[in-house]
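Engineer: query.txt is reproduced below (compact mmCIF, N, CA and C atoms).
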# COMPACT_ATOMS: atom_id res chain seq x y z
N MET A 481 4.07 -95.71 -24.18
CA MET A 481 3.22 -94.77 -24.89
C MET A 481 3.96 -94.24 -26.13
N ARG A 482 3.19 -94.02 -27.17
CA ARG A 482 3.73 -93.44 -28.40
C ARG A 482 2.89 -92.23 -28.79
N THR A 483 3.54 -91.26 -29.38
CA THR A 483 2.85 -90.09 -29.92
C THR A 483 2.61 -90.35 -31.40
N MET A 484 1.34 -90.34 -31.79
CA MET A 484 0.95 -90.68 -33.16
C MET A 484 0.16 -89.52 -33.78
N MET A 485 0.24 -89.38 -35.10
CA MET A 485 -0.55 -88.38 -35.79
C MET A 485 -2.03 -88.74 -35.65
N LYS A 486 -2.82 -87.76 -35.23
CA LYS A 486 -4.27 -87.95 -35.07
C LYS A 486 -5.04 -87.29 -36.21
N SER A 487 -4.58 -86.11 -36.63
CA SER A 487 -5.31 -85.31 -37.60
C SER A 487 -4.35 -84.58 -38.54
N LYS A 488 -4.85 -84.34 -39.76
CA LYS A 488 -4.04 -83.60 -40.72
C LYS A 488 -4.96 -82.84 -41.68
N ILE A 489 -4.69 -81.55 -41.82
CA ILE A 489 -5.31 -80.75 -42.87
C ILE A 489 -4.19 -80.50 -43.87
N HIS A 490 -4.34 -81.06 -45.06
CA HIS A 490 -3.24 -81.11 -46.02
C HIS A 490 -3.30 -79.98 -47.04
N ARG A 491 -2.24 -79.17 -47.07
CA ARG A 491 -2.02 -78.13 -48.07
C ARG A 491 -3.09 -77.03 -48.05
N ALA A 492 -3.39 -76.55 -46.85
CA ALA A 492 -4.29 -75.40 -46.73
C ALA A 492 -3.52 -74.12 -47.05
N ARG A 493 -4.22 -73.09 -47.46
CA ARG A 493 -3.60 -71.80 -47.76
C ARG A 493 -3.88 -70.81 -46.64
N ILE A 494 -2.85 -70.07 -46.27
CA ILE A 494 -3.01 -69.03 -45.27
C ILE A 494 -3.84 -67.90 -45.89
N THR A 495 -4.94 -67.55 -45.20
CA THR A 495 -5.82 -66.49 -45.71
C THR A 495 -5.62 -65.17 -44.96
N GLN A 496 -5.04 -65.24 -43.78
CA GLN A 496 -4.78 -64.01 -43.03
C GLN A 496 -3.65 -64.21 -42.04
N VAL A 497 -2.95 -63.12 -41.75
CA VAL A 497 -1.94 -63.09 -40.70
C VAL A 497 -2.22 -61.87 -39.84
N ASP A 498 -2.14 -62.05 -38.52
CA ASP A 498 -2.45 -60.97 -37.60
C ASP A 498 -1.42 -60.96 -36.49
N LEU A 499 -0.38 -60.18 -36.67
CA LEU A 499 0.71 -60.11 -35.71
C LEU A 499 0.26 -59.59 -34.35
N ASP A 500 -0.74 -58.74 -34.31
CA ASP A 500 -1.17 -58.11 -33.07
C ASP A 500 -2.15 -58.94 -32.25
N TYR A 501 -2.61 -60.07 -32.78
CA TYR A 501 -3.49 -60.94 -32.02
C TYR A 501 -2.66 -61.73 -31.02
N GLU A 502 -3.26 -62.21 -29.96
CA GLU A 502 -2.51 -62.84 -28.87
C GLU A 502 -1.89 -64.19 -29.20
N GLY A 503 -2.21 -64.80 -30.28
CA GLY A 503 -1.60 -66.08 -30.63
C GLY A 503 -2.61 -67.06 -31.18
N SER A 504 -2.17 -68.16 -31.69
CA SER A 504 -3.00 -69.27 -32.16
C SER A 504 -3.10 -69.33 -33.67
N ILE A 505 -3.87 -70.31 -34.14
CA ILE A 505 -4.23 -70.42 -35.55
C ILE A 505 -5.75 -70.50 -35.62
N THR A 506 -6.34 -69.67 -36.45
CA THR A 506 -7.79 -69.70 -36.67
C THR A 506 -8.04 -70.64 -37.83
N ILE A 507 -8.90 -71.63 -37.60
CA ILE A 507 -9.20 -72.65 -38.63
C ILE A 507 -10.71 -72.70 -38.84
N ASP A 508 -11.12 -72.69 -40.08
CA ASP A 508 -12.52 -72.87 -40.46
C ASP A 508 -13.11 -74.05 -39.65
N ARG A 509 -14.22 -73.79 -38.97
CA ARG A 509 -14.84 -74.81 -38.11
C ARG A 509 -15.14 -76.11 -38.87
N SER A 510 -15.58 -76.02 -40.13
CA SER A 510 -15.89 -77.25 -40.88
C SER A 510 -14.62 -78.08 -41.10
N LEU A 511 -13.47 -77.42 -41.28
CA LEU A 511 -12.20 -78.17 -41.41
C LEU A 511 -11.81 -78.79 -40.08
N MET A 512 -12.03 -78.06 -38.99
CA MET A 512 -11.72 -78.62 -37.67
C MET A 512 -12.56 -79.87 -37.40
N GLU A 513 -13.83 -79.79 -37.70
CA GLU A 513 -14.71 -80.94 -37.47
C GLU A 513 -14.31 -82.13 -38.34
N ALA A 514 -14.05 -81.88 -39.62
CA ALA A 514 -13.69 -82.97 -40.54
C ALA A 514 -12.37 -83.64 -40.15
N SER A 515 -11.46 -82.86 -39.58
CA SER A 515 -10.14 -83.40 -39.23
C SER A 515 -10.03 -83.79 -37.76
N ASP A 516 -11.10 -83.62 -37.01
CA ASP A 516 -11.12 -84.00 -35.58
C ASP A 516 -10.12 -83.18 -34.76
N ILE A 517 -10.10 -81.86 -34.99
CA ILE A 517 -9.31 -80.94 -34.18
C ILE A 517 -10.28 -80.12 -33.35
N LEU A 518 -10.05 -80.06 -32.05
CA LEU A 518 -10.92 -79.33 -31.14
C LEU A 518 -10.39 -77.92 -30.89
N PRO A 519 -11.29 -76.99 -30.52
CA PRO A 519 -10.82 -75.67 -30.11
C PRO A 519 -9.82 -75.79 -28.95
N PHE A 520 -8.75 -75.04 -29.03
CA PHE A 520 -7.67 -74.99 -28.04
C PHE A 520 -6.78 -76.23 -28.03
N GLU A 521 -6.98 -77.13 -28.98
CA GLU A 521 -6.09 -78.29 -29.10
C GLU A 521 -4.75 -77.84 -29.69
N ARG A 522 -3.68 -78.41 -29.20
CA ARG A 522 -2.35 -78.10 -29.72
C ARG A 522 -2.22 -78.65 -31.14
N VAL A 523 -1.67 -77.83 -32.03
CA VAL A 523 -1.42 -78.24 -33.41
C VAL A 523 -0.03 -77.81 -33.82
N GLU A 524 0.50 -78.52 -34.78
CA GLU A 524 1.77 -78.16 -35.43
C GLU A 524 1.41 -77.64 -36.81
N VAL A 525 2.08 -76.58 -37.22
CA VAL A 525 1.85 -75.99 -38.53
C VAL A 525 3.17 -76.05 -39.30
N LEU A 526 3.15 -76.69 -40.46
CA LEU A 526 4.34 -76.84 -41.30
C LEU A 526 4.15 -75.98 -42.54
N ASN A 527 5.02 -75.00 -42.72
CA ASN A 527 4.91 -74.09 -43.86
C ASN A 527 5.66 -74.71 -45.04
N VAL A 528 4.92 -75.10 -46.06
CA VAL A 528 5.51 -75.73 -47.24
C VAL A 528 6.38 -74.73 -48.01
N ASN A 529 6.03 -73.46 -48.00
CA ASN A 529 6.75 -72.45 -48.77
C ASN A 529 8.15 -72.16 -48.23
N ASN A 530 8.30 -72.09 -46.91
CA ASN A 530 9.60 -71.69 -46.36
C ASN A 530 10.22 -72.68 -45.37
N GLY A 531 9.54 -73.79 -45.11
CA GLY A 531 10.10 -74.80 -44.23
C GLY A 531 9.91 -74.53 -42.75
N ALA A 532 9.31 -73.41 -42.38
CA ALA A 532 9.09 -73.11 -40.96
C ALA A 532 8.10 -74.10 -40.35
N ARG A 533 8.35 -74.41 -39.10
CA ARG A 533 7.45 -75.28 -38.33
C ARG A 533 7.13 -74.55 -37.05
N LEU A 534 5.86 -74.56 -36.66
CA LEU A 534 5.49 -73.89 -35.42
C LEU A 534 4.43 -74.69 -34.69
N SER A 535 4.39 -74.48 -33.40
CA SER A 535 3.43 -75.14 -32.53
C SER A 535 2.53 -74.08 -31.92
N THR A 536 1.23 -74.29 -31.95
CA THR A 536 0.28 -73.34 -31.37
C THR A 536 -0.99 -74.09 -31.01
N TYR A 537 -2.08 -73.38 -30.80
CA TYR A 537 -3.36 -74.02 -30.51
C TYR A 537 -4.40 -73.51 -31.50
N ALA A 538 -5.41 -74.34 -31.73
CA ALA A 538 -6.44 -74.01 -32.70
C ALA A 538 -7.57 -73.20 -32.07
N ILE A 539 -8.04 -72.21 -32.81
CA ILE A 539 -9.29 -71.57 -32.44
C ILE A 539 -10.22 -71.66 -33.64
N GLU A 540 -11.50 -71.69 -33.34
CA GLU A 540 -12.51 -71.95 -34.35
C GLU A 540 -12.83 -70.68 -35.13
N GLY A 541 -12.78 -70.80 -36.46
CA GLY A 541 -13.21 -69.73 -37.35
C GLY A 541 -14.59 -70.04 -37.91
N GLU A 542 -15.15 -69.11 -38.61
CA GLU A 542 -16.48 -69.29 -39.17
C GLU A 542 -16.51 -70.51 -40.11
N ALA A 543 -17.55 -71.32 -39.94
CA ALA A 543 -17.70 -72.53 -40.76
C ALA A 543 -17.84 -72.17 -42.23
N ASN A 544 -17.21 -72.94 -43.08
CA ASN A 544 -17.27 -72.80 -44.54
C ASN A 544 -16.72 -71.47 -45.05
N SER A 545 -15.93 -70.79 -44.24
CA SER A 545 -15.33 -69.52 -44.65
C SER A 545 -13.99 -69.72 -45.34
N GLY A 546 -13.36 -70.87 -45.11
CA GLY A 546 -12.04 -71.13 -45.68
C GLY A 546 -10.91 -70.48 -44.90
N ILE A 547 -11.22 -69.88 -43.76
CA ILE A 547 -10.20 -69.15 -43.02
C ILE A 547 -9.13 -70.07 -42.44
N ILE A 548 -7.90 -69.71 -42.68
CA ILE A 548 -6.72 -70.28 -42.02
C ILE A 548 -5.87 -69.06 -41.69
N GLY A 549 -5.89 -68.66 -40.42
CA GLY A 549 -5.21 -67.44 -40.02
C GLY A 549 -4.17 -67.70 -38.95
N ILE A 550 -2.98 -67.20 -39.15
CA ILE A 550 -1.93 -67.32 -38.15
C ILE A 550 -1.90 -66.02 -37.36
N ASN A 551 -1.92 -66.15 -36.05
CA ASN A 551 -2.05 -65.00 -35.17
C ASN A 551 -0.85 -64.88 -34.23
N GLY A 552 -0.56 -63.66 -33.81
CA GLY A 552 0.50 -63.41 -32.84
C GLY A 552 1.88 -63.54 -33.46
N ALA A 553 2.84 -63.84 -32.61
CA ALA A 553 4.25 -63.89 -33.03
C ALA A 553 4.48 -64.84 -34.20
N ALA A 554 3.73 -65.94 -34.26
CA ALA A 554 3.89 -66.91 -35.35
C ALA A 554 3.59 -66.30 -36.72
N ALA A 555 2.87 -65.17 -36.74
CA ALA A 555 2.56 -64.52 -38.01
C ALA A 555 3.83 -64.08 -38.74
N ARG A 556 4.95 -63.99 -38.03
CA ARG A 556 6.22 -63.64 -38.68
C ARG A 556 6.78 -64.81 -39.49
N LEU A 557 6.22 -66.01 -39.31
CA LEU A 557 6.74 -67.21 -39.97
C LEU A 557 5.97 -67.59 -41.23
N VAL A 558 4.91 -66.84 -41.54
CA VAL A 558 4.08 -67.17 -42.71
C VAL A 558 3.73 -65.89 -43.45
N ALA A 559 3.26 -66.07 -44.66
CA ALA A 559 2.72 -64.96 -45.46
C ALA A 559 1.37 -65.39 -46.01
N LYS A 560 0.51 -64.44 -46.22
CA LYS A 560 -0.78 -64.74 -46.83
C LYS A 560 -0.54 -65.46 -48.15
N GLY A 561 -1.24 -66.56 -48.35
CA GLY A 561 -1.09 -67.36 -49.57
C GLY A 561 -0.16 -68.55 -49.40
N ASP A 562 0.64 -68.58 -48.32
CA ASP A 562 1.52 -69.74 -48.08
C ASP A 562 0.69 -71.01 -47.93
N ILE A 563 1.27 -72.12 -48.32
CA ILE A 563 0.64 -73.43 -48.17
C ILE A 563 1.17 -74.06 -46.89
N VAL A 564 0.26 -74.58 -46.07
CA VAL A 564 0.65 -75.18 -44.80
C VAL A 564 -0.01 -76.55 -44.62
N ILE A 565 0.61 -77.33 -43.78
CA ILE A 565 0.05 -78.61 -43.34
C ILE A 565 -0.18 -78.45 -41.85
N ILE A 566 -1.38 -78.77 -41.39
CA ILE A 566 -1.74 -78.63 -39.98
C ILE A 566 -1.92 -80.02 -39.41
N LEU A 567 -1.18 -80.31 -38.34
CA LEU A 567 -1.18 -81.64 -37.73
C LEU A 567 -1.57 -81.58 -36.26
N SER A 568 -2.20 -82.63 -35.78
CA SER A 568 -2.36 -82.81 -34.33
C SER A 568 -1.99 -84.25 -34.02
N TYR A 569 -1.65 -84.47 -32.79
CA TYR A 569 -1.15 -85.78 -32.35
C TYR A 569 -1.91 -86.26 -31.13
N CYS A 570 -1.80 -87.54 -30.85
CA CYS A 570 -2.35 -88.10 -29.62
C CYS A 570 -1.35 -89.13 -29.09
N GLN A 571 -1.46 -89.38 -27.80
CA GLN A 571 -0.61 -90.40 -27.20
C GLN A 571 -1.45 -91.65 -26.96
N VAL A 572 -0.92 -92.78 -27.38
CA VAL A 572 -1.63 -94.04 -27.24
C VAL A 572 -0.67 -95.10 -26.71
N PRO A 573 -1.20 -96.10 -26.02
CA PRO A 573 -0.34 -97.20 -25.58
C PRO A 573 0.31 -97.88 -26.78
N ASP A 574 1.49 -98.44 -26.57
CA ASP A 574 2.22 -99.10 -27.67
C ASP A 574 1.35 -100.10 -28.43
N GLY A 575 0.57 -100.87 -27.72
CA GLY A 575 -0.25 -101.90 -28.35
C GLY A 575 -1.32 -101.35 -29.27
N GLU A 576 -1.72 -100.11 -29.08
CA GLU A 576 -2.76 -99.50 -29.92
C GLU A 576 -2.17 -98.66 -31.06
N ALA A 577 -0.89 -98.35 -30.97
CA ALA A 577 -0.27 -97.43 -31.94
C ALA A 577 -0.36 -97.95 -33.37
N ILE A 578 -0.20 -99.22 -33.57
CA ILE A 578 -0.18 -99.80 -34.92
C ILE A 578 -1.53 -99.70 -35.61
N SER A 579 -2.61 -99.58 -34.82
CA SER A 579 -3.95 -99.56 -35.42
C SER A 579 -4.56 -98.16 -35.47
N ILE A 580 -3.80 -97.14 -35.10
CA ILE A 580 -4.35 -95.78 -35.13
C ILE A 580 -4.63 -95.38 -36.58
N THR A 581 -5.76 -94.74 -36.82
CA THR A 581 -6.13 -94.28 -38.15
C THR A 581 -6.38 -92.78 -38.08
N PRO A 582 -5.46 -91.96 -38.57
CA PRO A 582 -5.64 -90.51 -38.47
C PRO A 582 -6.72 -90.00 -39.43
N SER A 583 -7.27 -88.85 -39.08
CA SER A 583 -8.21 -88.15 -39.96
C SER A 583 -7.39 -87.22 -40.85
N ILE A 584 -7.51 -87.39 -42.15
CA ILE A 584 -6.76 -86.57 -43.09
C ILE A 584 -7.75 -85.88 -44.03
N VAL A 585 -7.63 -84.56 -44.10
CA VAL A 585 -8.54 -83.78 -44.93
C VAL A 585 -7.71 -83.01 -45.95
N ARG A 586 -8.03 -83.18 -47.23
CA ARG A 586 -7.38 -82.42 -48.30
C ARG A 586 -8.29 -81.27 -48.68
N VAL A 587 -7.68 -80.13 -49.01
CA VAL A 587 -8.47 -78.96 -49.37
C VAL A 587 -8.02 -78.40 -50.72
N ASP A 588 -8.91 -77.62 -51.34
CA ASP A 588 -8.57 -76.97 -52.60
C ASP A 588 -7.93 -75.60 -52.32
N ARG A 589 -7.77 -74.78 -53.35
CA ARG A 589 -7.11 -73.48 -53.21
C ARG A 589 -7.88 -72.49 -52.33
N GLN A 590 -9.16 -72.74 -52.12
CA GLN A 590 -9.98 -71.88 -51.26
C GLN A 590 -10.22 -72.51 -49.88
N ASN A 591 -9.46 -73.56 -49.58
CA ASN A 591 -9.57 -74.28 -48.30
C ASN A 591 -10.93 -74.95 -48.12
N ARG A 592 -11.52 -75.36 -49.23
CA ARG A 592 -12.75 -76.16 -49.16
C ARG A 592 -12.34 -77.63 -49.21
N ILE A 593 -13.07 -78.44 -48.49
CA ILE A 593 -12.75 -79.87 -48.43
C ILE A 593 -12.93 -80.49 -49.80
N ILE A 594 -11.86 -81.14 -50.27
CA ILE A 594 -11.94 -81.89 -51.52
C ILE A 594 -12.57 -83.24 -51.20
N GLU A 595 -11.97 -83.90 -50.23
CA GLU A 595 -12.45 -85.20 -49.77
C GLU A 595 -11.63 -85.58 -48.56
N PRO A 596 -12.27 -86.19 -47.59
CA PRO A 596 -11.44 -86.76 -46.53
C PRO A 596 -10.65 -87.91 -47.16
N LEU A 597 -9.39 -88.02 -46.82
CA LEU A 597 -8.53 -89.04 -47.38
C LEU A 597 -8.76 -90.35 -46.64
N PRO A 598 -9.17 -91.42 -47.33
CA PRO A 598 -9.35 -92.68 -46.63
C PRO A 598 -8.01 -93.20 -46.14
N MET A 599 -7.97 -93.62 -44.92
CA MET A 599 -6.72 -94.11 -44.34
C MET A 599 -6.86 -95.59 -44.00
N VAL A 600 -5.82 -96.32 -44.28
CA VAL A 600 -5.74 -97.72 -43.92
C VAL A 600 -4.88 -97.79 -42.67
N PRO A 601 -5.35 -98.45 -41.60
CA PRO A 601 -4.53 -98.54 -40.40
C PRO A 601 -3.13 -99.06 -40.72
N GLN A 602 -2.15 -98.56 -39.99
CA GLN A 602 -0.74 -98.91 -40.20
C GLN A 602 -0.54 -100.42 -40.27
N TRP A 603 -1.15 -101.16 -39.39
CA TRP A 603 -0.95 -102.60 -39.33
C TRP A 603 -1.39 -103.27 -40.64
N GLU A 604 -2.51 -102.82 -41.21
CA GLU A 604 -2.97 -103.39 -42.48
C GLU A 604 -1.99 -103.09 -43.61
N ARG A 605 -1.40 -101.89 -43.62
CA ARG A 605 -0.41 -101.55 -44.65
C ARG A 605 0.81 -102.44 -44.54
N ILE A 606 1.26 -102.68 -43.31
CA ILE A 606 2.43 -103.54 -43.10
C ILE A 606 2.13 -104.96 -43.58
N GLN A 607 0.95 -105.48 -43.21
CA GLN A 607 0.60 -106.84 -43.63
C GLN A 607 0.56 -106.95 -45.15
N LYS A 608 -0.03 -105.97 -45.83
CA LYS A 608 -0.12 -106.01 -47.30
C LYS A 608 1.27 -105.91 -47.91
N SER A 609 2.12 -105.08 -47.34
CA SER A 609 3.48 -104.92 -47.85
C SER A 609 4.27 -106.22 -47.74
N VAL A 610 4.17 -106.86 -46.59
CA VAL A 610 4.89 -108.12 -46.38
C VAL A 610 4.32 -109.21 -47.29
N ALA A 611 2.99 -109.26 -47.44
CA ALA A 611 2.38 -110.29 -48.27
C ALA A 611 2.73 -110.12 -49.74
N SER A 612 3.01 -108.89 -50.18
CA SER A 612 3.31 -108.67 -51.59
C SER A 612 4.76 -108.99 -51.96
N ARG A 613 5.59 -109.21 -50.98
CA ARG A 613 6.99 -109.52 -51.27
C ARG A 613 7.12 -110.98 -51.70
N SER A 614 7.85 -111.22 -52.75
CA SER A 614 8.00 -112.58 -53.26
C SER A 614 9.05 -113.38 -52.50
N ASP A 615 9.89 -112.69 -51.72
CA ASP A 615 10.97 -113.40 -51.02
C ASP A 615 10.56 -113.92 -49.64
N PHE A 616 9.28 -113.80 -49.29
CA PHE A 616 8.82 -114.31 -47.99
C PHE A 616 8.04 -115.58 -48.16
Just dump the structure as structure tokens.
Structural biologist:
Amino acid sequence: MRTMMKSKIHRARITQVDLDYEGSITIDRSLMEASDILPFERVEVLNVNNGARLSTYAIEGEANSGIIGINGAAARLVAKGDIVIILSYCQVPDGEAISITPSIVRVDRQNRIIEPLPMVPQWERIQKSVASRSDF
């Protein structure tokens, strides 16, 4: 089994921090749907501004609100306006790992979807890379 990236929300902005909430990250429901992240699914949050990385679970925020909120103790690791990358993973058998195609969603400064990023399965990228080499 291999752990592979399943979903990514790329360069979202933190819109709120709530230290007194019990925990989690609140994500705009439309972003969760576009990136294939379910409520209560484990996610990793990478803070581009300060390098902090944290693990928590997703909760659904109002659709099309642009909300990206860090709650609970993790709120000490971010500031409103910070840029983050939100990732989720899945475990797949080794034979399927090469063909996994993650959902990647890019957002603008208001956390609105710019466009889902088209992904080429890993195996196709490897084949194209090898075919383009002149020494093979």
Engineer: Check the smallest atom-to-atom distance from each of A:Ser583, A:Thr536, A:Thr483, A:Asn527 to Thr506 of chain A using only C-alpha atoms, then report the winner.
Structural biologist: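 Of all the options, A:Thr536 lies closest to Thr506 of chain A.
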Engineer: Please check which residues have atoms at most 6 Å from (-1.5, -88.7, -33.6) in the file's coordinates, counting only N, CA and C atoms, and write them as a JSON list (two decimals) with N, CA and C atoms, keeping the file's coordinate frame.
Structural biologist:
[["chain", "number", "residue", "atom", "x", "y", "z"],
["A", 483, "THR", "N", 3.54, -91.26, -29.38],
["A", 483, "THR", "CA", 2.85, -90.09, -29.92],
["A", 483, "THR", "C", 2.61, -90.35, -31.40],
["A", 484, "MET", "N", 1.34, -90.34, -31.79],
["A", 484, "MET", "CA", 0.95, -90.68, -33.16],
["A", 484, "MET", "C", 0.16, -89.52, -33.78],
["A", 485, "MET", "N", 0.24, -89.38, -35.10],
["A", 485, "MET", "CA", -0.55, -88.38, -35.79],
["A", 485, "MET", "C", -2.03, -88.74, -35.65],
["A", 486, "LYS", "N", -2.82, -87.76, -35.23],
["A", 486, "LYS", "CA", -4.27, -87.95, -35.07],
["A", 486, "LYS", "C", -5.04, -87.29, -36.21],
["A", 487, "SER", "N", -4.58, -86.11, -36.63],
["A", 487, "SER", "CA", -5.31, -85.31, -37.60],
["A", 487, "SER", "C", -4.35, -84.58, -38.54],
["A", 568, "SER", "N", -2.20, -82.63, -35.78],
["A", 568, "SER", "CA", -2.36, -82.81, -34.33],
["A", 568, "SER", "C", -1.99, -84.25, -34.02],
["A", 569, "TYR", "N", -1.65, -84.47, -32.79],
["A", 569, "TYR", "CA", -1.15, -85.78, -32.35],
["A", 569, "TYR", "C", -1.91, -86.26, -31.13],
["A", 570, "CYS", "N", -1.80, -87.54, -30.85],
["A", 570, "CYS", "CA", -2.35, -88.10, -29.62],
["A", 570, "CYS", "C", -1.35, -89.13, -29.09],
["A", 571, "GLN", "N", -1.46, -89.38, -27.80],
["A", 571, "GLN", "CA", -0.61, -90.40, -27.20],
["A", 571, "GLN", "C", -1.45, -91.65, -26.96]]
Engineer: Which residue gives the smallest distance to Asn530 of chain A among A:Glu513, A:Asp562, A:Glu576, A:Asp588, with only C-alpha atoms counted?
Structural biologist: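 Going through A:Glu513, A:Asp562, A:Glu576, A:Asp588 one by one, the smallest distance to Asn530 of chain A is for A:Asp562.
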Engineer: Quick one: of A:Ala559, A:Ile565, A:Ile580, A:Val587, who's nearest to Val528 of chain A, counting all atoms listed in the file?
Structural biologist: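 Nearest candidate to Val528 of chain A out of A:Ala559, A:Ile565, A:Ile580, A:Val587: A:Ile565.
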Engineer: Find, counting only C-alpha atoms, the residue in A:Ile578, A:Val497, A:Met481, A:Ile539 that gets nearest to Arg522 of chain A.
Structural biologist: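 Looking only at the distances to Arg522 of chain A, the closest residue turns out to be A:Ile539.
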Engineer: Identify all residues of chain A in strand (DSSP E or B) (DSSP on the backbone) and supply them as a PyMOL selection string.
Structural biologist: chain A and resi 482-493+496-498+504-508+522-527+533-541+548-551+563-572+583-587+593-597
Engineer: With all atoms listed in the file as the basis for distance, which of A:Leu518, A:Ile489, A:Ile505, A:Ile594 is at the shortest distance from Val564 of chain A?
Structural biologist: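 Among the listed residues, A:Ile489 lies closest to Val564 of chain A.
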Engineer: Ranking A:Gly546, A:Gly531, A:Pro519, A:Gly552 by minimum distance to Ile593 of chain A and counting only C-alpha atoms, which one comes first?
Structural biologist: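 Of the candidates, the smallest distance to Ile593 of chain A is held by A:Gly546.
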Engineer: Can you measure atom C of Ser515 of chain A to atom N of Thr581 of chain A for me? One decimal in Å is fine.
Structural biologist: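 Atom-to-atom, atom C of Ser515 of chain A to atom N of Thr581 of chain A, that is 11.8 Å.
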Engineer: Pick out the residues sitting within 6 Å of Thr495 of chain A, and hand them over as a list in words; count only N, CA and C atoms, and ignore anything fewer than 3 positions along from it in its own chain.
Structural biologist: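 After dropping sequence-adjacent residues, the list is Ile547, Ile548, Gly549, Lys560 and Gly561 of chain A.
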Engineer: As an exercise, work out the distance from atom CA of Asp516 of chain A to atom N of Glu502 of chain A in Å and give it to one decimal place.
Structural biologist: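 So the answer is 23.8 Å.
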Engineer: Just to confirm, what's the straight-line distance from atom CA of Asn551 of chain A to atom N of Ala492 of chain A in Å (one decimal)?
Structural biologist: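 Atom CA of Asn551 of chain A sits 16.5 Å away from atom N of Ala492 of chain A.
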Engineer: Contacts of Leu526 of chain A at 7 Å or less, counting all atoms listed in the file, minus same-chain residues fewer than 3 places along, as a ChimeraX atom specification?
Structural biologist: /A:529,531-534,563-567
Engineer: May I have the residues at most 8 Å from (2.0, -65.1, -30.3) in the file's coordinates, counting all atoms listed in the file, as a PyMOL selection string?
Structural biologist: chain A and resi 499-504+551-555
Engineer: I need the residues from that last selection saved to file as a compact mmCIF listing (two decimals), in the frame of the given file (with N, CA and C atoms), if you can.
Structural biologist:
# COMPACT_ATOMS: atom_id res chain seq x y z
N LEU A 499 -0.38 -60.18 -36.67
CA LEU A 499 0.71 -60.11 -35.71
C LEU A 499 0.26 -59.59 -34.35
N ASP A 500 -0.74 -58.74 -34.31
CA ASP A 500 -1.17 -58.11 -33.07
C ASP A 500 -2.15 -58.94 -32.25
N TYR A 501 -2.61 -60.07 -32.78
CA TYR A 501 -3.49 -60.94 -32.02
C TYR A 501 -2.66 -61.73 -31.02
N GLU A 502 -3.26 -62.21 -29.96
CA GLU A 502 -2.51 -62.84 -28.87
C GLU A 502 -1.89 -64.19 -29.20
N GLY A 503 -2.21 -64.80 -30.28
CA GLY A 503 -1.60 -66.08 -30.63
C GLY A 503 -2.61 -67.06 -31.18
N SER A 504 -2.17 -68.16 -31.69
CA SER A 504 -3.00 -69.27 -32.16
C SER A 504 -3.10 -69.33 -33.67
N ASN A 551 -1.92 -66.15 -36.05
CA ASN A 551 -2.05 -65.00 -35.17
C ASN A 551 -0.85 -64.88 -34.23
N GLY A 552 -0.56 -63.66 -33.81
CA GLY A 552 0.50 -63.41 -32.84
C GLY A 552 1.88 -63.54 -33.46
N ALA A 553 2.84 -63.84 -32.61
CA ALA A 553 4.25 -63.89 -33.03
C ALA A 553 4.48 -64.84 -34.20
N ALA A 554 3.73 -65.94 -34.26
CA ALA A 554 3.89 -66.91 -35.35
C ALA A 554 3.59 -66.30 -36.72
N ALA A 555 2.87 -65.17 -36.74
CA ALA A 555 2.56 -64.52 -38.01
C ALA A 555 3.83 -64.08 -38.74
Engineer: Please return, as an MDAnalysis selection string, all residues of segment 490-577 of chain A that DSSP assigns to helix (DSSP H, G or I) on the basis of the backbone.
Structural biologist: chainID A and resid 509:515 552:557 574:577
